[in-house]
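Novice: See structure28.txt below, with compact mmCIF, C-alpha atoms.
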# COMPACT_ATOMS: atom_id res chain seq x y z
CA MET A 1 96.11 136.90 61.40
CA LYS A 2 95.23 139.28 64.24
CA ARG A 3 91.72 137.93 64.26
CA ASN A 4 93.07 134.48 64.99
CA LEU A 5 95.63 135.68 67.53
CA PRO A 6 93.62 134.69 70.66
CA LEU A 7 93.07 131.23 69.23
CA LEU A 8 96.77 130.92 68.45
CA ILE A 9 97.64 131.98 72.02
CA ILE A 10 95.21 129.43 73.45
CA ALA A 11 96.55 126.68 71.20
CA GLY A 12 100.12 127.65 72.16
CA VAL A 13 99.34 127.44 75.89
CA LEU A 14 97.57 124.10 75.37
CA LEU A 15 100.60 122.68 73.57
CA ALA A 16 102.97 124.09 76.21
CA ALA A 17 100.83 122.60 79.01
CA ILE A 18 100.78 119.17 77.36
CA ALA A 19 104.52 119.32 76.71
CA ALA A 20 105.26 120.42 80.30
CA GLY A 21 103.06 117.63 81.66
CA ALA A 22 104.76 115.05 79.43
CA VAL A 23 108.27 116.19 80.40
CA LEU A 24 107.37 116.18 84.11
CA TYR A 25 105.79 112.75 83.77
CA ARG A 26 108.88 111.30 82.10
CA ARG A 27 111.13 112.81 84.76
CA MET A 28 109.06 111.63 87.70
CA LYS A 29 108.02 108.23 86.40
CA PRO A 30 109.95 105.61 88.35
CA ALA A 31 112.28 103.44 86.30
CA PRO A 32 110.65 100.12 85.40
CA GLN A 33 111.78 97.39 87.74
CA GLN A 34 112.75 93.90 86.70
CA PRO A 35 109.64 91.78 87.05
CA ALA A 36 109.84 89.25 89.83
CA PRO A 37 109.58 85.65 88.68
CA GLN A 38 106.36 85.38 90.67
CA LYS A 39 104.40 88.37 91.84
CA SER A 40 104.01 88.04 95.59
CA THR A 41 102.50 90.41 98.12
CA HIS A 42 105.23 89.36 100.57
CA THR A 43 107.74 91.38 98.59
CA VAL A 44 105.62 94.11 96.98
CA ALA A 45 105.91 97.49 98.64
CA PRO A 46 104.69 99.88 99.94
CA GLY A 47 101.47 99.98 101.94
CA ALA A 48 101.16 100.84 105.61
CA ASP A 49 104.02 99.29 107.51
CA PRO A 50 103.57 97.17 109.54
CA PRO A 51 100.48 95.89 107.78
CA ARG A 52 97.35 94.97 109.69
CA ALA A 53 97.74 91.21 109.66
CA ARG A 54 95.77 88.45 111.34
CA GLY A 55 97.99 85.40 111.59
CA GLN A 56 101.73 85.00 111.17
CA MET A 57 103.37 86.83 108.30
CA SER A 58 105.48 83.70 107.79
CA ALA A 59 102.37 81.63 107.03
CA PRO A 60 102.52 79.80 103.69
CA VAL A 61 99.49 81.60 102.26
CA MET A 62 98.73 85.29 102.45
CA ILE A 63 95.37 86.79 101.61
CA GLU A 64 95.52 90.52 101.15
CA GLU A 65 92.11 92.15 101.24
CA PHE A 66 91.46 95.66 99.95
CA GLY A 67 88.29 96.60 101.75
CA ASP A 68 85.89 99.41 102.48
CA PHE A 69 84.01 99.06 105.76
CA GLU A 70 80.87 100.56 104.27
CA CYS A 71 80.73 98.38 101.18
CA PRO A 72 77.97 95.74 101.48
CA PRO A 73 79.86 92.99 99.57
CA CYS A 74 82.80 93.50 101.99
CA GLY A 75 80.35 93.04 104.86
CA ILE A 76 79.09 89.82 103.25
CA LEU A 77 82.64 88.59 102.72
CA HIS A 78 83.62 89.27 106.34
CA PRO A 79 82.09 86.11 107.95
CA ILE A 80 83.27 84.03 104.98
CA LEU A 81 86.85 85.17 105.49
CA LYS A 82 86.63 84.44 109.20
CA GLU A 83 85.40 80.95 108.44
CA ILE A 84 88.31 80.43 106.04
CA GLU A 85 90.75 81.75 108.64
CA LYS A 86 89.48 79.20 111.15
CA GLU A 87 89.64 76.42 108.60
CA TYR A 88 93.24 77.00 107.55
CA GLY A 89 94.60 78.17 110.91
CA GLU A 90 98.34 78.74 110.93
CA LYS A 91 98.64 78.13 107.20
CA LEU A 92 97.01 81.46 106.52
CA VAL A 93 97.64 85.13 107.21
CA VAL A 94 95.06 87.76 106.30
CA VAL A 95 96.22 91.31 105.66
CA PHE A 96 93.67 94.08 105.56
CA ARG A 97 94.32 97.13 103.38
CA HIS A 98 92.11 100.20 103.41
CA ASN A 99 90.48 101.18 100.17
CA PRO A 100 87.61 103.48 101.19
CA LEU A 101 85.42 104.76 98.37
CA PRO A 102 83.81 107.91 99.82
CA GLN A 103 82.28 108.90 96.50
CA ILE A 104 79.78 106.08 96.99
CA HIS A 105 80.16 105.40 100.73
CA LYS A 106 80.18 108.67 102.61
CA HIS A 107 81.34 107.28 105.96
CA ALA A 108 83.92 104.83 104.61
CA TYR A 109 86.90 107.08 105.17
CA ASP A 110 85.93 107.83 108.77
CA ALA A 111 85.40 104.12 109.35
CA ALA A 112 88.87 103.34 108.03
CA ARG A 113 90.31 105.91 110.39
CA ALA A 114 88.26 104.52 113.28
CA ALA A 115 89.77 101.07 112.69
CA GLU A 116 93.27 102.54 112.53
CA ALA A 117 92.64 104.67 115.64
CA ALA A 118 91.60 101.49 117.47
CA GLY A 119 94.74 99.89 116.09
CA MET A 120 96.79 102.55 117.87
CA GLN A 121 95.61 100.87 121.07
CA GLY A 122 96.14 97.35 119.75
CA LYS A 123 92.50 96.72 118.85
CA PHE A 124 92.47 97.05 115.07
CA TRP A 125 90.93 93.66 114.36
CA GLU A 126 88.36 93.99 117.12
CA MET A 127 87.21 97.28 115.60
CA HIS A 128 87.48 95.83 112.08
CA ASP A 129 85.09 93.04 113.05
CA LYS A 130 82.79 95.41 114.90
CA LEU A 131 82.56 97.80 111.95
CA TYR A 132 81.53 95.01 109.63
CA GLU A 133 79.11 93.47 112.10
CA LYS A 134 77.47 96.84 112.79
CA GLN A 135 77.70 98.09 109.20
CA ASN A 136 73.94 98.52 108.85
CA GLU A 137 73.81 100.58 112.04
CA TRP A 138 76.48 103.21 111.39
CA ASN A 139 76.16 103.51 107.62
CA VAL A 140 72.74 105.15 107.98
CA ALA A 141 73.80 107.53 110.76
CA PRO A 142 74.19 111.18 109.71
CA ASP A 143 77.43 111.35 111.69
CA PRO A 144 78.71 107.92 112.75
CA ARG A 145 81.63 109.17 114.83
CA ALA A 146 79.65 108.98 118.08
CA LEU A 147 78.78 105.36 117.23
CA PHE A 148 82.43 104.59 116.51
CA THR A 149 83.38 106.00 119.90
CA GLY A 150 80.67 103.82 121.45
CA TYR A 151 82.11 100.73 119.76
CA ALA A 152 85.56 101.74 121.00
CA LYS A 153 84.26 101.93 124.58
CA ASP A 154 82.61 98.50 124.19
CA LEU A 155 86.00 97.13 123.14
CA GLY A 156 87.73 98.59 126.17
CA ILE A 157 89.49 101.32 124.21
CA ASP A 158 90.37 104.65 125.82
CA ALA A 159 87.68 106.79 124.16
CA ASP A 160 89.47 110.14 124.56
CA ARG A 161 92.63 108.86 122.96
CA PHE A 162 90.56 107.13 120.27
CA ALA A 163 88.83 110.42 119.38
CA ARG A 164 92.21 112.16 119.19
CA ASP A 165 93.75 109.38 117.11
CA MET A 166 90.89 109.47 114.59
CA THR A 167 92.41 112.67 113.21
CA ALA A 168 96.07 111.86 113.91
CA GLU A 169 98.51 112.22 111.05
CA ILE A 170 99.82 108.68 111.44
CA VAL A 171 96.31 107.26 111.13
CA THR A 172 95.60 109.24 107.97
CA ALA A 173 99.01 108.30 106.59
CA ARG A 174 98.40 104.58 107.12
CA VAL A 175 95.10 104.74 105.25
CA THR A 176 96.75 106.76 102.49
CA LEU A 177 99.62 104.31 102.12
CA ASP A 178 97.23 101.38 101.83
CA MET A 179 95.20 103.19 99.20
CA ARG A 180 98.32 104.04 97.26
CA ARG A 181 99.28 100.38 97.29
CA GLY A 182 95.83 99.48 96.05
CA ARG A 183 96.13 101.96 93.20
CA SER A 184 99.52 100.60 92.22
CA LEU A 185 98.03 97.12 92.07
CA GLY A 186 95.12 98.31 89.95
CA VAL A 187 92.48 97.97 92.64
CA THR A 188 89.37 99.87 91.63
CA GLY A 189 86.58 98.24 93.64
CA THR A 190 86.06 96.43 96.88
CA PRO A 191 86.46 93.80 98.09
CA THR A 192 89.53 92.94 96.04
CA LEU A 193 91.50 89.93 97.24
CA PHE A 194 95.00 88.81 96.41
CA VAL A 195 95.97 85.29 97.31
CA GLU A 196 99.75 85.12 97.42
CA GLY A 197 99.90 88.14 95.16
CA ARG A 198 97.50 86.82 92.57
CA GLN A 199 94.28 88.74 92.25
CA LEU A 200 91.24 86.59 92.81
CA PRO A 201 88.71 87.07 89.98
CA PRO A 202 85.48 88.68 91.31
CA GLU A 203 83.49 85.51 90.58
CA GLU A 204 85.89 83.55 92.80
CA VAL A 205 85.40 85.82 95.83
CA SER A 206 83.47 83.22 97.82
CA ALA A 207 84.25 80.50 100.35
CA GLU A 208 84.67 77.92 97.58
CA GLY A 209 86.74 80.23 95.41
CA LEU A 210 89.03 81.03 98.32
CA ARG A 211 89.44 77.35 99.18
CA ARG A 212 90.39 76.60 95.59
CA ALA A 213 92.94 79.43 95.47
CA ILE A 214 94.47 78.55 98.86
CA SER A 215 94.69 74.84 98.02
CA ALA A 216 96.37 75.66 94.72
CA VAL A 217 99.02 77.73 96.51
CA LEU A 218 99.59 75.06 99.14
CA GLN A 219 99.93 72.34 96.48
CA GLU A 220 102.35 74.49 94.52
CA LYS A 221 104.47 75.04 97.60
CA GLU A 222 104.44 71.36 98.52
CA LYS A 223 105.65 70.47 95.02
CA LYS A 224 108.54 72.88 95.34
CA GLN A 225 109.69 71.33 98.62
CA MET B 1 94.42 147.35 62.60
CA SER B 2 93.20 148.18 66.09
CA ALA B 3 91.36 145.75 68.33
CA PRO B 4 87.93 147.43 68.00
CA GLU B 5 88.26 147.28 64.21
CA ILE B 6 89.03 143.59 64.40
CA ASN B 7 85.99 143.13 66.59
CA ASN B 8 83.79 144.87 64.11
CA ILE B 9 85.03 142.58 61.40
CA SER B 10 84.48 139.46 63.45
CA GLY B 11 81.02 140.59 64.39
CA SER B 12 81.12 138.56 67.59
CA ALA B 13 83.04 140.89 69.82
CA ASP B 14 82.18 143.47 72.41
CA SER B 15 84.14 146.60 71.63
CA ARG B 16 83.87 147.79 75.25
CA ALA B 17 85.92 144.83 76.46
CA ALA B 18 88.76 145.77 74.18
CA THR B 19 89.38 149.17 75.72
CA SER B 20 92.45 149.31 77.91
CA SER B 21 90.52 150.10 81.11
CA HIS B 22 88.52 146.89 80.64
CA ARG B 23 91.42 144.72 79.65
CA TRP B 24 93.37 144.44 82.89
CA PRO B 25 90.91 142.09 84.68
CA TYR B 26 91.09 139.71 81.71
CA LEU B 27 94.85 139.99 81.59
CA LEU B 28 95.19 139.30 85.32
CA THR B 29 92.70 136.42 85.05
CA ALA B 30 94.74 134.87 82.24
CA LEU B 31 98.01 135.22 84.17
CA LEU B 32 96.56 133.84 87.40
CA SER B 33 94.99 130.91 85.61
CA LEU B 34 98.40 130.04 84.15
CA VAL B 35 99.81 129.79 87.69
CA GLY B 36 96.84 127.59 88.64
CA LEU B 37 97.37 125.49 85.52
CA ALA B 38 101.04 124.90 86.42
CA ASP B 39 100.06 123.91 89.98
CA ALA B 40 97.36 121.53 88.74
CA ILE B 41 99.65 119.93 86.11
CA TYR B 42 102.30 119.33 88.76
CA LEU B 43 99.78 117.64 91.08
CA THR B 44 98.28 115.59 88.24
CA VAL B 45 101.69 114.26 87.26
CA LYS B 46 102.52 113.47 90.90
CA HIS B 47 99.24 111.58 91.16
CA LEU B 48 99.76 109.64 87.95
CA THR B 49 103.31 108.64 88.83
CA GLY B 50 102.22 107.63 92.35
CA GLN B 51 104.81 109.86 93.98
CA SER B 52 104.27 111.38 97.38
CA VAL B 53 104.06 115.16 97.59
CA GLN B 54 106.14 116.75 100.29
CA CYS B 55 104.96 120.02 101.82
CA THR B 56 107.41 122.70 102.87
CA ILE B 57 105.02 124.97 104.84
CA SER B 58 102.15 122.69 105.89
CA THR B 59 102.40 118.98 106.76
CA GLY B 60 99.45 117.28 105.13
CA CYS B 61 100.22 117.24 101.39
CA ASP B 62 100.61 113.50 101.20
CA ALA B 63 97.56 112.84 103.36
CA VAL B 64 95.34 115.21 101.39
CA LEU B 65 96.58 114.27 97.93
CA GLY B 66 96.59 110.57 98.73
CA SER B 67 93.10 110.69 100.25
CA PRO B 68 90.10 109.23 98.49
CA TYR B 69 88.85 112.77 97.85
CA ALA B 70 91.79 113.43 95.54
CA SER B 71 90.30 111.17 92.84
CA VAL B 72 87.04 111.18 90.96
CA ALA B 73 86.08 107.83 89.43
CA GLY B 74 89.73 106.84 89.47
CA TYR B 75 90.93 110.04 87.79
CA PRO B 76 93.01 112.63 89.63
CA LEU B 77 90.96 115.62 90.74
CA ALA B 78 93.97 117.78 89.88
CA ALA B 79 93.43 116.92 86.20
CA LEU B 80 89.96 118.40 86.45
CA GLY B 81 91.56 121.48 88.01
CA ALA B 82 94.01 121.73 85.11
CA LEU B 83 91.12 121.56 82.66
CA ALA B 84 89.26 124.26 84.59
CA TYR B 85 92.26 126.59 84.68
CA PHE B 86 92.88 126.07 80.98
CA THR B 87 89.24 126.91 80.27
CA VAL B 88 89.56 130.08 82.35
CA PHE B 89 92.75 131.02 80.50
CA SER B 90 91.08 130.49 77.13
CA LEU B 91 88.00 132.50 78.06
CA ALA B 92 90.09 135.30 79.57
CA THR B 93 92.16 135.47 76.38
CA LEU B 94 89.02 135.63 74.28
CA GLY B 95 87.64 138.30 76.62
CA LEU B 96 90.85 140.26 76.25
CA TYR B 97 90.26 140.33 72.51
CA GLY B 98 86.68 141.44 72.91
CA TYR B 99 84.65 138.27 72.52
CA ARG B 100 81.21 139.03 73.89
CA MET B 101 80.34 135.65 75.42
CA ALA B 102 83.66 135.27 77.22
CA ARG B 103 82.67 137.30 80.27
CA THR B 104 79.46 135.36 80.97
CA LEU B 105 81.15 132.00 80.52
CA LEU B 106 84.09 133.10 82.67
CA VAL B 107 81.77 134.09 85.51
CA ILE B 108 79.99 130.71 85.32
CA VAL B 109 83.20 128.65 85.22
CA VAL B 110 84.89 130.60 88.01
CA GLY B 111 81.67 130.40 90.06
CA LEU B 112 81.69 126.60 89.77
CA MET B 113 85.39 126.49 90.60
CA THR B 114 84.77 128.61 93.70
CA LEU B 115 82.06 126.22 94.92
CA MET B 116 84.33 123.25 94.33
CA THR B 117 87.17 125.02 96.15
CA LEU B 118 84.94 125.71 99.16
CA ARG B 119 84.09 122.02 99.33
CA LEU B 120 87.76 121.04 99.12
CA ILE B 121 88.69 123.46 101.89
CA TYR B 122 85.87 122.04 104.01
CA LEU B 123 87.23 118.52 103.41
CA GLN B 124 90.73 119.58 104.42
CA ALA B 125 89.58 121.42 107.51
CA PHE B 126 86.84 119.18 108.87
CA VAL B 127 87.21 115.71 107.35
CA LEU B 128 90.91 115.15 106.76
CA ASN B 129 92.10 117.66 109.37
CA GLN B 130 95.16 118.18 107.19
CA TYR B 131 96.14 120.95 104.81
CA CYS B 132 98.07 120.79 101.57
CA GLU B 133 99.85 123.96 100.48
CA PHE B 134 99.47 123.20 96.78
CA CYS B 135 95.72 122.94 97.30
CA LEU B 136 95.69 126.14 99.34
CA LEU B 137 97.61 127.90 96.56
CA SER B 138 94.98 126.74 94.10
CA ALA B 139 92.25 127.94 96.47
CA ALA B 140 93.91 131.36 96.76
CA ILE B 141 94.07 131.60 92.96
CA THR B 142 90.43 130.61 92.58
CA PHE B 143 89.30 133.14 95.17
CA SER B 144 91.37 135.83 93.44
CA LEU B 145 89.71 134.84 90.15
CA ALA B 146 86.32 135.15 91.86
CA GLY B 147 87.30 138.67 92.97
CA LEU B 148 88.28 139.53 89.40
CA MET B 149 84.93 138.24 88.17
CA LEU B 150 83.22 140.68 90.53
CA VAL B 151 85.32 143.46 89.05
CA LEU B 152 84.33 142.31 85.54
CA LEU B 153 80.67 142.25 86.49
CA MET B 154 80.87 145.77 87.89
CA LYS B 155 82.52 147.11 84.74
CA LYS B 156 79.57 147.61 82.44
Give the structure from the file, written as structure tokens.

Specialist:
Amino acid sequence: MKRNLPLLIIAGVLLAAIAAGAVLYRRMKPAPQQPAPQKSTHTVAPGADPPRARGQMSAPVMIEEFGDFECPPCGILHPILKEIEKEYGEKLVVVFRHNPLPQIHKHAYDAARAAEAAGMQGKFWEMHDKLYEKQNEWNVAPDPRALFTGYAKDLGIDADRFARDMTAEIVTARVTLDMRRGRSLGVTGTPTLFVEGRQLPPEEVSAEGLRRAISAVLQEKEKKQ
Amino acid sequence: MSAPEINNISGSADSRAATSSHRWPYLLTALLSLVGLADAIYLTVKHLTGQSVQCTISTGCDAVLGSPYASVAGYPLAALGALAYFTVFSLATLGLYGYRMARTLLVIVVGLMTLMTLRLIYLQAFVLNQYCEFCLLSAAITFSLAGLMLVLLMKK
């Protein structure tokens, strides 16, 4: 018996730890909500508020992109999305949500904060576009922060304030809130797109796929009217 | 039956570790690792339930624990911490009862934990520019464990 005492103690602590974790989990787990008749990103919370949106939030179709500025497929998608935005005009609003993956993209988190810091001076989308356009320049830099400041200056942003805002709590919090939203929606990779709350399958993340999804939403809404 | 006798029976124990003067570092290691385990379980549950963590002393708990560095391949880093603390507890308990290999394994595990902790402190200080008190508590525990490992190594 005494010989097995350490093993019994270890097993006891393991059981107690699992039980404590389970009890805590049950206590903290939010109560399941009634599912909405149709899952829509217009009503799903949270995420950084207000969201970074290009277009009117009242537009009939919302594309919500979970992106990482350093991810090459996101960079490829960028001009495609801009083309789609032009094509659909006021019918479309594009919301960008941060989902940096620093385990594989070491500057992604800094890039997300650079975009948000630019957003503090009303230039989020300008920096968003710049970061994607210059992706191959800054992603190989040992420390891209000087490049980000350079982009900020090019965009007419106050560089001193930009540098301060890069580490501001509000900027970090906005990125965090977006990531938390992504997690709650099951986003694991980037780019992940939701068209009116419906996740676009990876094989449909293309100009044609987006057109199909947007047209389907528009047709659905027309039928309802 | 006394502990050294048990060790002789088992044939896998170091009778020196069972003497009272050698037991206190193991005992303290086991107790400290339990505190670390509780901290890590709390953070793991918070992560899994998607709840924000409010700090009372510092201000950056939510920012640090919601950052991309708080997950590894989609799993909460705190869960890895819980596993590490449980391993330390198990090894310290075995060491307390005179198991020969426990000390070596403890030193290796705590060494790895210390390296990981240094990286996490660097991330908080220089990348996120935010501190989380639950992470700092874990860091303090790990550094204390590292100190205890030095004591164990000196006790030959």

Novice: Could the residues of chain A within 9 Å of chain B, counting all atoms listed in the file, be given as a ChimeraX atom specification, please?

Specialist: /A:2-3,5-7,9-11,13-14,17-18,20-22,24-25,28-30,99-103,109-110,167-169,172-173,175-177,179-180,183-184,188

Novice: Measure the distance from atom CA of Ala118 of chain A to atom CA of Ala59 of chain A in Å and round it to one decimal.

Specialist: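 Atom-to-atom, atom CA of Ala118 of chain A and atom CA of Ala59 of chain A are spaced 24.9 Å apart.
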
Novice: For atom CA of His98 of chain A and atom CA of Ile80 of chain A, determine how far apart the two atoms are, in Å to one decimal place.

Specialist: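 Here the two named atoms are 18.5 Å from each other.
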
Novice: Atom CA of Pro60 of chain A to atom CA of Leu210 of chain A: how many Å, to one decimal?

Specialist: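 Atom-to-atom, atom CA of Pro60 of chain A to atom CA of Leu210 of chain A, that is 14.6 Å.
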
Novice: Report as a ChimeraX atom specification all protein, DNA and RNA residues lying within 7 Å of segment 112-123 of chain B, evaluated on all atoms listed in the file, omitting residues in the same chain fewer than 4 positions from it.

Specialist: /B:108,127-128,139,142-143,146

Novice: Taking only C-alpha atoms into account, name the residue in A:Val95, A:Leu8, A:Val61, A:Val140 that is nearest to Lys221 of chain A.

Specialist: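 Checking each candidate against Lys221 of chain A, we get A:Val61 as the closest.
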
Novice: Could you check which of A:Cys74, A:Ala163, A:Leu218, A:Val171 is closest to Met120 of chain A, using only C-alpha atoms?

Specialist: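 Nearest candidate to Met120 of chain A out of A:Cys74, A:Ala163, A:Leu218, A:Val171: A:Val171.
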